[in-house]
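Peer 1: Just input.cif, nothing more (mmCIF, C-alpha atoms):
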data_entry
#
loop_
_atom_site.label_atom_id
_atom_site.label_comp_id
_atom_site.auth_asym_id
_atom_site.auth_seq_id
_atom_site.Cartn_x
_atom_site.Cartn_y
_atom_site.Cartn_z
CA MET A 514 -58.41 83.43 103.12
CA THR A 515 -55.65 85.90 103.99
CA HIS A 516 -55.05 88.55 101.33
CA ALA A 517 -52.19 90.99 100.84
CA SER A 518 -52.15 94.22 98.85
CA ILE A 519 -49.09 96.27 97.94
CA LEU A 520 -49.25 99.56 99.82
CA GLN A 521 -45.84 100.95 98.94
CA GLN A 522 -42.62 99.95 97.18
CA GLY A 523 -39.22 101.53 96.87
CA THR A 524 -35.52 101.23 97.54
CA ILE A 525 -33.29 101.94 100.54
CA HIS A 526 -29.81 103.39 100.09
CA CYS A 527 -27.77 101.15 102.38
CA PHE A 528 -24.38 102.83 101.87
CA PRO A 529 -22.78 105.45 99.60
CA ALA A 530 -23.12 104.84 95.87
CA GLY A 531 -19.98 103.49 94.28
CA LEU A 532 -18.58 101.96 97.48
CA ARG A 533 -15.93 99.34 96.72
CA ASP A 534 -14.36 96.61 98.82
CA ALA A 535 -10.68 95.90 99.46
CA LYS A 536 -10.44 94.08 96.11
CA GLY A 537 -11.81 97.09 94.26
CA GLU A 538 -15.13 95.41 93.50
CA LEU A 539 -18.43 97.26 93.73
CA VAL A 540 -20.23 96.45 97.00
CA ASN A 541 -23.75 95.10 96.50
CA ALA A 542 -26.64 95.49 98.95
CA GLU A 543 -28.03 92.03 99.74
CA VAL A 544 -30.52 92.60 102.56
CA SER A 545 -31.57 89.28 104.07
CA ALA A 546 -32.77 90.26 107.56
CA VAL A 547 -35.18 92.85 108.92
CA VAL A 548 -37.09 93.52 112.14
CA TYR A 549 -39.14 96.46 113.37
CA ASP A 550 -38.98 97.67 116.99
CA GLY A 551 -41.90 100.09 116.88
CA GLU A 552 -39.79 103.03 115.71
CA ARG A 553 -36.92 101.75 113.62
CA LEU A 554 -36.33 99.17 110.97
CA MET A 555 -33.20 97.13 111.65
CA LEU A 556 -31.77 95.48 108.56
CA ALA A 557 -28.73 93.39 107.71
CA SER A 558 -26.95 92.38 104.53
CA ASP A 559 -25.64 88.86 104.17
CA LYS A 560 -22.48 90.36 102.65
CA PRO A 561 -20.07 92.65 104.52
CA ILE A 562 -20.33 96.42 104.11
CA PRO A 563 -16.75 97.74 104.34
CA GLY A 564 -15.58 100.73 106.35
CA GLU A 565 -14.71 101.24 110.02
CA GLU A 566 -17.78 103.43 110.42
CA ARG A 567 -20.08 100.86 108.78
CA SER A 568 -21.25 97.29 109.30
CA ALA A 569 -23.61 94.78 107.70
CA CYS A 570 -26.26 95.75 110.32
CA PHE A 571 -27.96 99.14 110.24
CA ALA A 572 -31.15 100.89 111.28
CA LEU A 573 -33.37 103.66 109.98
CA PRO A 574 -36.57 105.26 111.21
CA MET A 575 -39.98 104.46 109.78
CA SER A 576 -42.21 107.44 109.04
CA ASP A 577 -45.67 107.75 107.54
CA ALA A 578 -43.91 108.21 104.20
CA GLY A 579 -41.96 104.96 104.61
CA PRO A 580 -38.35 104.13 105.59
CA ASP A 581 -36.13 107.22 105.92
CA ASP A 582 -32.64 106.27 104.73
CA SER A 583 -31.41 109.86 105.21
CA LYS A 584 -31.13 108.97 108.92
CA LEU A 585 -29.53 105.54 108.50
CA THR A 586 -27.11 104.50 111.25
CA TYR A 587 -24.79 101.49 111.40
CA TYR A 588 -24.25 99.10 114.31
CA THR A 589 -20.49 99.17 114.77
CA GLN A 590 -20.13 97.21 118.01
CA PRO A 591 -17.23 94.74 117.54
CA LEU A 592 -19.37 91.60 118.01
CA ILE A 593 -21.96 92.85 115.52
CA LYS A 594 -19.28 93.76 112.97
CA GLN A 595 -17.53 90.42 113.49
CA ALA A 596 -20.44 88.14 112.58
CA VAL A 597 -20.69 87.29 108.86
CA LYS A 598 -23.65 86.38 106.65
CA TYR A 599 -26.63 87.63 108.63
CA GLU A 600 -29.81 85.83 107.59
CA ASP A 601 -32.62 86.88 109.96
CA PHE A 602 -33.59 89.11 112.87
CA ALA A 603 -36.28 88.56 115.48
CA LEU A 604 -37.64 90.14 118.61
CA SER A 605 -37.84 88.03 121.74
CA ALA A 606 -41.35 86.84 122.56
CA ASP A 607 -41.81 89.71 125.02
CA GLY A 608 -40.47 92.24 122.50
CA ARG A 609 -37.67 93.43 124.81
CA HIS A 610 -34.61 91.97 123.05
CA VAL A 611 -33.27 91.79 119.50
CA LEU A 612 -31.96 88.47 118.18
CA ALA A 613 -29.80 88.10 115.08
CA THR A 614 -28.64 84.91 113.40
CA THR A 615 -26.10 84.16 110.72
CA GLY A 616 -26.45 81.27 108.28
CA PHE A 617 -24.45 78.57 110.14
CA ASP A 618 -23.68 77.20 106.66
CA ARG A 619 -19.92 76.72 107.01
CA LEU A 620 -17.35 75.74 109.61
CA ASP A 621 -13.69 74.78 109.46
CA ALA A 622 -13.22 71.70 111.62
CA ASP A 623 -9.47 72.28 111.88
CA SER A 624 -9.43 75.97 112.79
CA HIS A 625 -11.55 78.90 113.92
CA ALA A 626 -11.32 80.62 110.52
CA LEU A 627 -15.04 80.33 109.77
CA ASN A 628 -16.46 80.80 113.27
CA ASP A 629 -17.88 84.20 112.27
CA TYR A 630 -20.47 82.43 110.08
CA ASN A 631 -21.87 80.77 113.23
CA HIS A 632 -23.37 83.46 115.43
CA LEU A 633 -26.58 84.02 117.33
CA LEU A 634 -26.50 87.46 118.95
CA ILE A 635 -28.79 89.11 121.48
CA TRP A 636 -29.04 92.66 122.84
CA PRO A 637 -31.69 94.66 124.73
CA LEU A 638 -33.96 96.71 122.50
CA GLY A 639 -32.23 100.01 121.73
CA LYS A 640 -29.00 98.98 123.50
CA PRO A 641 -26.71 97.29 120.95
CA ASP A 642 -23.68 98.13 123.12
CA GLN A 643 -24.88 95.31 125.40
CA VAL A 644 -24.71 92.67 122.65
CA ARG A 645 -23.91 89.09 123.72
CA VAL A 646 -23.00 85.90 121.86
CA VAL A 647 -25.51 83.13 122.60
CA ASP A 648 -24.20 79.63 123.39
CA PRO A 649 -20.52 80.33 122.70
CA ASP A 650 -17.77 77.76 122.68
CA PRO A 651 -16.82 77.13 126.31
CA ARG A 652 -13.15 77.75 125.57
CA ASP A 653 -12.05 81.24 126.51
CA GLY A 654 -11.38 83.67 123.69
CA VAL A 655 -13.14 81.69 120.97
CA GLU A 656 -16.06 83.68 119.58
CA GLY A 657 -19.02 82.10 117.82
CA SER A 658 -22.14 80.20 118.85
CA LEU A 659 -20.39 76.87 118.49
CA GLU A 660 -22.31 75.15 121.29
CA LEU A 661 -25.49 76.17 119.49
CA ARG A 662 -24.14 74.77 116.24
CA GLY A 663 -23.77 71.39 117.89
CA LYS A 664 -27.41 71.52 118.99
CA LEU A 665 -28.52 72.49 115.48
CA ASN A 666 -26.52 69.57 114.08
CA GLY A 667 -28.45 67.15 116.24
CA ALA A 668 -31.87 68.58 115.38
CA ILE A 669 -31.30 68.96 111.61
CA GLY A 670 -29.39 65.73 111.07
CA PHE A 671 -27.33 66.69 108.00
CA PRO A 672 -23.66 67.65 107.73
CA TYR A 673 -24.57 70.74 105.68
CA TYR A 674 -27.43 73.16 106.26
CA LYS A 675 -28.28 76.84 106.06
CA ILE A 676 -30.32 78.78 108.63
CA GLU A 677 -32.40 81.59 107.12
CA GLY A 678 -35.29 82.03 109.56
CA LEU A 679 -35.54 83.17 113.18
CA ALA A 680 -38.60 83.83 115.35
CA ALA A 681 -39.47 83.75 119.04
CA ILE A 682 -43.01 82.76 120.00
CA PRO A 683 -44.73 82.18 123.35
CA GLY A 684 -43.90 78.76 124.78
CA VAL A 685 -44.68 76.47 127.67
CA LEU A 686 -41.27 76.91 129.33
CA GLY A 687 -39.21 79.94 130.30
CA ASP A 688 -39.57 83.11 128.25
CA GLY A 689 -40.62 81.50 124.98
CA LEU A 690 -39.76 79.16 122.13
CA LEU A 691 -36.96 80.18 119.76
CA LEU A 692 -37.42 78.88 116.22
CA PHE A 693 -34.80 78.52 113.48
CA GLY A 694 -35.86 78.18 109.84
CA VAL A 695 -33.84 75.76 107.70
CA ARG A 696 -33.61 76.59 103.97
CA GLU A 697 -31.00 74.11 102.73
CA GLN A 698 -29.83 70.69 103.93
CA GLY A 699 -27.66 67.98 102.46
CA GLN A 700 -24.20 66.49 102.38
CA ALA A 701 -22.28 69.60 101.31
CA HIS A 702 -22.70 73.17 100.03
CA ASP A 703 -22.84 71.81 96.48
CA ASP A 704 -24.97 68.76 97.33
CA PHE A 705 -28.18 69.86 99.03
CA GLU A 706 -31.92 70.31 98.57
CA TYR A 707 -34.20 73.23 99.40
CA VAL A 708 -36.43 72.62 102.42
CA SER A 709 -38.83 74.45 104.69
CA ARG A 710 -38.14 73.10 108.17
CA VAL A 711 -38.38 74.70 111.60
CA VAL A 712 -36.31 73.54 114.57
CA GLY A 713 -36.10 75.14 117.98
CA ALA A 714 -35.94 75.02 121.75
CA HIS A 715 -37.39 76.88 124.72
CA TYR A 716 -35.26 79.65 126.20
CA GLN A 717 -34.97 82.14 128.99
CA ILE A 718 -33.15 85.47 129.23
CA THR A 719 -30.54 85.42 131.98
CA GLU A 720 -29.80 88.18 134.50
CA ASN A 721 -26.76 89.27 132.49
CA GLY A 722 -28.84 89.68 129.34
CA ASN A 723 -27.87 86.52 127.52
CA LEU A 724 -30.10 83.71 126.27
CA GLU A 725 -29.93 80.13 127.46
CA PHE A 726 -31.81 77.12 126.13
CA LEU A 727 -33.96 75.09 128.52
CA ASP A 728 -34.57 71.88 126.58
CA GLU A 729 -33.29 69.88 123.63
CA MET A 730 -33.25 71.42 120.17
CA ARG A 731 -35.70 69.48 117.96
CA GLU A 732 -37.84 69.76 114.85
CA PHE A 733 -41.16 71.51 115.38
CA TYR A 734 -42.49 71.88 111.86
CA ALA A 735 -41.92 71.14 108.16
CA PHE A 736 -43.91 71.56 104.98
CA ASP A 737 -43.47 71.27 101.23
CA PRO A 738 -44.37 74.54 99.48
CA ASP A 739 -43.90 72.96 96.05
CA SER A 740 -46.92 70.72 96.62
CA PHE A 741 -49.35 73.66 96.75
CA ASP A 742 -51.35 74.72 93.71
CA GLY A 743 -50.10 78.01 92.32
CA VAL A 744 -46.50 77.60 93.48
CA ARG A 745 -44.57 77.64 90.22
CA PHE A 746 -40.98 77.13 91.33
CA GLU A 747 -39.05 75.08 93.88
CA CYS A 748 -38.79 77.08 97.11
CA GLY A 749 -36.87 77.11 100.33
CA LEU A 750 -37.67 78.85 103.61
CA SER A 751 -36.16 82.35 103.73
CA SER A 752 -37.64 84.01 106.85
CA LEU A 753 -39.84 83.46 109.90
CA GLU A 754 -41.81 86.20 111.66
CA TYR A 755 -44.07 86.11 114.71
CA ASP A 756 -47.13 88.37 114.54
CA PRO A 757 -48.12 89.20 118.14
CA TYR A 758 -51.19 91.16 116.99
CA HIS A 759 -52.86 88.00 115.65
CA ALA A 760 -50.89 85.26 117.47
CA ARG A 761 -49.75 83.82 114.16
CA LEU A 762 -46.55 82.86 112.40
CA TYR A 763 -45.54 84.06 108.97
CA LEU A 764 -43.27 81.91 106.81
CA LEU A 765 -41.50 83.41 103.81
CA THR A 766 -40.19 81.19 101.02
CA SER A 767 -38.12 82.24 98.03
CA PHE A 768 -36.82 80.75 94.82
CA GLU A 769 -33.89 81.25 92.48
CA ASN A 770 -34.19 78.91 89.51
CA GLU A 771 -32.94 78.75 85.96
CA VAL A 772 -35.34 77.29 83.40
CA ASP A 773 -34.22 76.97 79.77
CA GLY A 774 -31.46 79.47 80.40
CA VAL A 775 -33.80 82.04 81.94
CA GLU A 776 -33.35 83.10 85.58
CA HIS A 777 -36.45 83.17 87.78
CA ILE A 778 -36.40 84.77 91.22
CA GLY A 779 -39.28 85.47 93.59
CA GLY A 780 -41.07 84.19 96.62
CA TYR A 781 -44.30 83.40 98.44
CA LEU A 782 -45.81 84.32 101.80
CA TRP A 783 -47.53 81.88 104.16
CA GLN A 784 -49.34 82.29 107.47
CA MET A 785 -50.70 80.05 110.19
CA SER A 786 -52.05 80.38 113.71
CA LEU A 787 -49.84 79.25 116.56
CA GLU A 788 -52.44 76.56 117.24
CA ASP A 789 -52.06 75.20 113.70
CA PHE A 790 -48.29 75.43 113.97
CA ARG A 791 -48.25 73.39 117.16
CA ALA A 792 -50.63 70.85 115.61
CA GLY A 793 -48.46 70.49 112.49
CA ARG A 794 -51.21 71.60 110.10
CA GLU A 795 -50.43 73.02 106.66
CA PRO A 796 -49.92 76.78 106.37
CA GLU A 797 -52.13 79.03 104.29
CA LEU A 798 -50.66 80.54 101.13
CA VAL A 799 -51.32 84.28 101.20
CA THR A 800 -53.12 85.51 98.09
CA THR A 801 -53.87 88.73 96.27
CA PRO A 802 -57.30 90.35 96.79
CA GLN A 803 -58.32 88.54 93.60
CA GLY A 804 -57.55 85.19 95.21
CA LEU A 805 -54.41 84.41 93.21
CA PRO A 806 -51.19 83.32 94.96
CA LEU A 807 -49.14 86.34 96.00
CA GLU A 808 -45.90 85.78 94.08
CA PHE A 809 -43.14 88.29 94.74
CA GLU A 810 -41.21 89.39 91.68
CA HIS A 811 -38.02 89.65 93.73
CA LYS A 812 -36.24 87.18 96.02
CA ALA A 813 -38.02 87.80 99.32
CA GLU A 814 -35.56 87.23 102.17
CA GLY A 815 -36.60 89.46 105.10
CA LEU A 816 -39.97 89.99 106.77
CA ALA A 817 -41.09 92.32 109.58
CA VAL A 818 -44.47 93.03 111.18
CA LEU A 819 -44.97 96.80 111.26
CA ASP A 820 -48.34 96.99 113.01
CA HIS A 821 -51.76 95.31 113.14
CA ASP A 822 -52.19 95.34 109.37
CA ARG A 823 -48.85 95.99 107.63
CA LEU A 824 -45.80 93.89 106.76
CA PHE A 825 -42.39 94.97 105.46
CA VAL A 826 -40.67 92.70 102.91
CA ALA A 827 -36.97 93.07 102.08
CA TYR A 828 -35.40 91.52 99.00
CA ASP A 829 -31.98 90.02 98.39
CA ASN A 830 -31.60 89.72 94.63
CA ASP A 831 -27.88 89.01 94.82
CA ARG A 832 -26.30 90.58 91.71
CA ASN A 833 -29.58 90.96 89.85
CA LEU A 834 -30.18 94.73 89.53
CA GLU A 835 -33.65 94.69 87.93
CA LEU A 836 -36.29 96.72 89.75
CA GLY A 837 -39.46 95.60 87.98
CA SER A 838 -42.53 97.31 89.42
CA VAL A 839 -40.66 98.60 92.49
CA ASP A 840 -39.50 101.73 90.66
CA GLU A 841 -39.88 103.51 87.34
CA ARG A 842 -36.16 102.97 86.76
CA ASP A 843 -35.11 99.76 85.03
CA GLU A 844 -32.24 99.00 87.42
CA ARG A 845 -31.25 99.76 90.98
CA HIS A 846 -27.85 101.01 92.05
CA ALA A 847 -25.72 98.38 93.77
CA CYS A 848 -26.09 100.30 97.04
CA GLU A 849 -29.90 100.07 96.98
CA ALA A 850 -32.12 97.39 98.49
CA PRO A 851 -35.69 97.07 97.15
CA TYR A 852 -38.60 96.65 99.53
CA THR A 853 -42.38 96.28 99.62
CA ILE A 854 -44.89 97.26 102.30
CA LEU A 855 -48.00 95.05 102.32
CA THR A 856 -51.35 95.62 103.94
CA MET A 857 -53.04 92.42 105.11
CA SER A 858 -56.75 91.65 105.13
#
Please rewrite the model in this file as structure tokens.

Peer 2:
Amino acid sequence: MTHASILQQGTIHCFPAGLRDAKGELVNAEVSAVVYDGERLMLASDKPIPGEERSACFALPMSDAGPDDSKLTYYTQPLIKQAVKYEDFALSADGRHVLATTGFDRLDADSHALNDYNHLLIWPLGKPDQVRVVDPDPRDGVEGSLELRGKLNGAIGFPYYKIEGLAAIPGVLGDGLLLFGVREQGQAHDDFEYVSRVVGAHYQITENGNLEFLDEMREFYAFDPDSFDGVRFECGLSSLEYDPYHARLYLLTSFENEVDGVEHIGGYLWQMSLEDFRAGREPELVTTPQGLPLEFEHKAEGLAVLDHDRLFVAYDNDRNLELGSVDERDERHACEAPYTILTMS
């Protein structure tokens, strides 16, 4: 059995307190993506963070004391600022590039108005100025990974879906296998079901630093978290993370349910070897040291491997401000994002 213990919890100040958007509404931190490059945590909110000097993507160093938000910096490259609704980060299988995906959950068939919700970006580690759009529309001047969206359409098979996971693992072709985690699928944004599916394709990094796919996008994995003992609420996949230290894949699921008028948010962590993933075997539900299912008290949306034994979990509680056990305070400020650092055994 794989156990997880809470090593540290806290909050990250993602932008100045009291920041308001163009409509005068308080901006809320909704961190949905995180990756660690060996020195820095890179995080992204699935809602815009206004200001020319800011963006929804930012980074901060990790110290022995935890994340240091006093040294937070924003990624303000135009392509990074342009993309909307970031849902997951990943490192390439060789650890030399950063990949970032949006949700791909909306598109206007008659215009390019919603193209910014359909982006897969890549840049060399530590060099965001070299960011590229992966699989763009072949028409000049039209930004967005619209060719990739067509490939996702074919693999997922539903008119509506939401991508919330991204991971690159070693593969049999090229530089690796790029995996996309599907959280929602159905006929429309108000007619869907929560799922935990993984689709993907092999890729290679080109000489100009972009990513190209080598084979057809297809489904590689699916499971039903609700069928496991100890899972109390209907879940959907919320993040994927490759662990190169143990050659395994982590899957994060989260829930947001209302039962008898009471809101319930949280999540669960799962792990499996790459061998089990390729064989389609069921994942293992990570437990507490006492053997009980590890159930997060917040909506777990981002996951990063820090080192051989530690994981970083970021939460996106939407407008819910409760902090629970993360802090002695009852509520967070809207500018704060709660997190947990786990030690695995």

Peer 1: Wanna dump the region 675-753 of chain A-region 784-793 of chain A contacts at 8 Å for me, each residue with its shortest atom pair and the distance in Å to one decimal, counting all atoms listed in the file, ordered by chain and number, as a tab-separated table?

Peer 2:
residue	atom	partner	partner_atom	distance
A:Phe733	CA	A:Arg791	CA	7.5
A:Tyr734	CA	A:Gly793	CA	6.2
A:Ala735	CA	A:Gly793	CA	7.9

Peer 1: On this file, the PyMOL selection byres ((chain A and resi 574) around 9) gives some set of residues; write that set as an NGL selection string.

Peer 2: :A and (552-555 or 572-573 or 575-576 or 579-582 or 584-585)

Peer 1: Could you name the residues that touch region 739-742 of chain A at 12 Å or less, counting only C-alpha atoms, but leaving out those on the same chain fewer than 2 positions away, as an mmCIF file with C-alpha atoms, keeping the file's coordinate frame?

Peer 2:
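In the end it all went to selection14.cif:
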data_model
loop_
_atom_site.group_PDB
_atom_site.id
_atom_site.type_symbol
_atom_site.label_atom_id
_atom_site.label_comp_id
_atom_site.auth_asym_id
_atom_site.auth_seq_id
_atom_site.Cartn_x
_atom_site.Cartn_y
_atom_site.Cartn_z
ATOM 1 C CA TYR A 707 -34.200 73.230 99.400
ATOM 2 C CA VAL A 708 -36.430 72.620 102.420
ATOM 3 C CA SER A 709 -38.830 74.450 104.690
ATOM 4 C CA PHE A 736 -43.910 71.560 104.980
ATOM 5 C CA ASP A 737 -43.470 71.270 101.230
ATOM 6 C CA VAL A 744 -46.500 77.600 93.480
ATOM 7 C CA ARG A 745 -44.570 77.640 90.220
ATOM 8 C CA PHE A 746 -40.980 77.130 91.330
ATOM 9 C CA GLU A 747 -39.050 75.080 93.880
ATOM 10 C CA CYS A 748 -38.790 77.080 97.110
ATOM 11 C CA GLY A 749 -36.870 77.110 100.330
ATOM 12 C CA LEU A 750 -37.670 78.850 103.610
ATOM 13 C CA THR A 766 -40.190 81.190 101.020
ATOM 14 C CA SER A 767 -38.120 82.240 98.030
ATOM 15 C CA PHE A 768 -36.820 80.750 94.820
ATOM 16 C CA GLY A 780 -41.070 84.190 96.620
ATOM 17 C CA TYR A 781 -44.300 83.400 98.440
ATOM 18 C CA TRP A 783 -47.530 81.880 104.160
ATOM 19 C CA GLU A 795 -50.430 73.020 106.660
ATOM 20 C CA PRO A 796 -49.920 76.780 106.370
ATOM 21 C CA GLU A 797 -52.130 79.030 104.290
ATOM 22 C CA LEU A 798 -50.660 80.540 101.130
ATOM 23 C CA VAL A 799 -51.320 84.280 101.200
ATOM 24 C CA THR A 800 -53.120 85.510 98.090
ATOM 25 C CA LEU A 805 -54.410 84.410 93.210
ATOM 26 C CA PRO A 806 -51.190 83.320 94.960
#

Peer 1: Any chance you could work out the residue set of the PyMOL selection byres ((chain A and resi 730) around 9) here, as an NGL selection string?

Peer 2: :A and (664-665 or 667-668 or 712-715 or 726 or 728-729 or 731-732)

Peer 1: Quick one: residues within 10 Å of Glu697 (chain A), only C-alpha atoms counted, chain neighbours fewer than 4 positions away excluded, as an MDAnalysis selection string?

Peer 2: chainID A and resid 618 671 673:677 701:702 704:710 749:751

Peer 1: From the set A:Asn666, A:Gly523, A:Leu724, A:Tyr587, which residue has the shortest atom-to-atom contact distance to Leu612 (chain A), counting all atoms listed in the file?

Peer 2: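 Checking each candidate against Leu612 (chain A), we get A:Leu724 as the closest.
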
Peer 1: Ranking A:Gly639, A:Tyr549, A:Asp773, A:Leu634 by minimum distance to Leu604 (chain A) and counting all atoms listed in the file, which one comes first?

Peer 2: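 Checking each candidate against Leu604 (chain A), we get A:Tyr549 as the closest.
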
Peer 1: Counting only C-alpha atoms, figure out which residue out of A:Leu782, A:Leu659, A:Met857, A:Val644 gets nearest to Leu620 (chain A).

Peer 2: A:Leu659

Peer 1: Place a sphere of radius 7 Å on (-41.3, 83.3, 119.5) in the file coordinates and name every protein, DNA or RNA residue with an atom inside or on its surface, counting only C-alpha atoms; give the answer as number ranges by chain.

Peer 2: A: 605-606, 680-683, 689-692, 755

Peer 1: I need the chosen residues saved as a PDB file, keeping the file's coordinate frame, with C-alpha atoms.

Peer 2:
ATOM      1  CA  SER A 605     -37.840  88.030 121.740  1.00  0.00           C
ATOM      2  CA  ALA A 606     -41.350  86.840 122.560  1.00  0.00           C
ATOM      3  CA  ALA A 680     -38.600  83.830 115.350  1.00  0.00           C
ATOM      4  CA  ALA A 681     -39.470  83.750 119.040  1.00  0.00           C
ATOM      5  CA  ILE A 682     -43.010  82.760 120.000  1.00  0.00           C
ATOM      6  CA  PRO A 683     -44.730  82.180 123.350  1.00  0.00           C
ATOM      7  CA  GLY A 689     -40.620  81.500 124.980  1.00  0.00           C
ATOM      8  CA  LEU A 690     -39.760  79.160 122.130  1.00  0.00           C
ATOM      9  CA  LEU A 691     -36.960  80.180 119.760  1.00  0.00           C
ATOM     10  CA  LEU A 692     -37.420  78.880 116.220  1.00  0.00           C
ATOM     11  CA  TYR A 755     -44.070  86.110 114.710  1.00  0.00           C
TER      12      TYR A 755
END

Peer 1: Taking the block above, write region 825-836 of chain A with N, CA and C atoms as a PDB file, in the first residue's frame.

Peer 2:
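Generated file (selection.pdb):
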ATOM      1  N   PHE A 825       3.541  18.013  -4.026  1.00  0.00           N
ATOM      2  CA  PHE A 825       2.906  19.303  -3.758  1.00  0.00           C
ATOM      3  C   PHE A 825       1.508  19.270  -4.352  1.00  0.00           C
ATOM      4  N   VAL A 826       0.503  19.588  -3.547  1.00  0.00           N
ATOM      5  CA  VAL A 826      -0.895  19.594  -3.986  1.00  0.00           C
ATOM      6  C   VAL A 826      -1.433  21.016  -3.906  1.00  0.00           C
ATOM      7  N   ALA A 827      -1.970  21.511  -5.021  1.00  0.00           N
ATOM      8  CA  ALA A 827      -2.590  22.835  -5.065  1.00  0.00           C
ATOM      9  C   ALA A 827      -4.101  22.674  -5.171  1.00  0.00           C
ATOM     10  N   TYR A 828      -4.816  23.595  -4.536  1.00  0.00           N
ATOM     11  CA  TYR A 828      -6.273  23.500  -4.473  1.00  0.00           C
ATOM     12  C   TYR A 828      -6.928  24.660  -5.213  1.00  0.00           C
ATOM     13  N   ASP A 829      -8.014  24.353  -5.880  1.00  0.00           N
ATOM     14  CA  ASP A 829      -8.868  25.360  -6.515  1.00  0.00           C
ATOM     15  C   ASP A 829     -10.261  25.210  -5.928  1.00  0.00           C
ATOM     16  N   ASN A 830     -10.539  26.012  -4.912  1.00  0.00           N
ATOM     17  CA  ASN A 830     -11.826  25.928  -4.223  1.00  0.00           C
ATOM     18  C   ASN A 830     -12.858  26.880  -4.798  1.00  0.00           C
ATOM     19  N   ASP A 831     -12.580  27.425  -5.972  1.00  0.00           N
ATOM     20  CA  ASP A 831     -13.475  28.414  -6.577  1.00  0.00           C
ATOM     21  C   ASP A 831     -13.735  29.540  -5.577  1.00  0.00           C
ATOM     22  N   ARG A 832     -14.978  29.847  -5.279  1.00  0.00           N
ATOM     23  CA  ARG A 832     -15.278  30.981  -4.381  1.00  0.00           C
ATOM     24  C   ARG A 832     -15.373  30.570  -2.913  1.00  0.00           C
ATOM     25  N   ASN A 833     -15.148  29.304  -2.628  1.00  0.00           N
ATOM     26  CA  ASN A 833     -15.155  28.851  -1.242  1.00  0.00           C
ATOM     27  C   ASN A 833     -13.868  29.343  -0.567  1.00  0.00           C
ATOM     28  N   LEU A 834     -13.995  30.081   0.527  1.00  0.00           N
ATOM     29  CA  LEU A 834     -12.849  30.698   1.199  1.00  0.00           C
ATOM     30  C   LEU A 834     -12.416  29.957   2.455  1.00  0.00           C
ATOM     31  N   GLU A 835     -13.081  28.850   2.793  1.00  0.00           N
ATOM     32  CA  GLU A 835     -12.744  28.141   4.026  1.00  0.00           C
ATOM     33  C   GLU A 835     -11.347  27.542   3.941  1.00  0.00           C
ATOM     34  N   LEU A 836     -10.630  27.587   5.068  1.00  0.00           N
ATOM     35  CA  LEU A 836      -9.266  27.070   5.106  1.00  0.00           C
ATOM     36  C   LEU A 836      -9.156  25.723   5.805  1.00  0.00           C
TER      37      LEU A 836
END
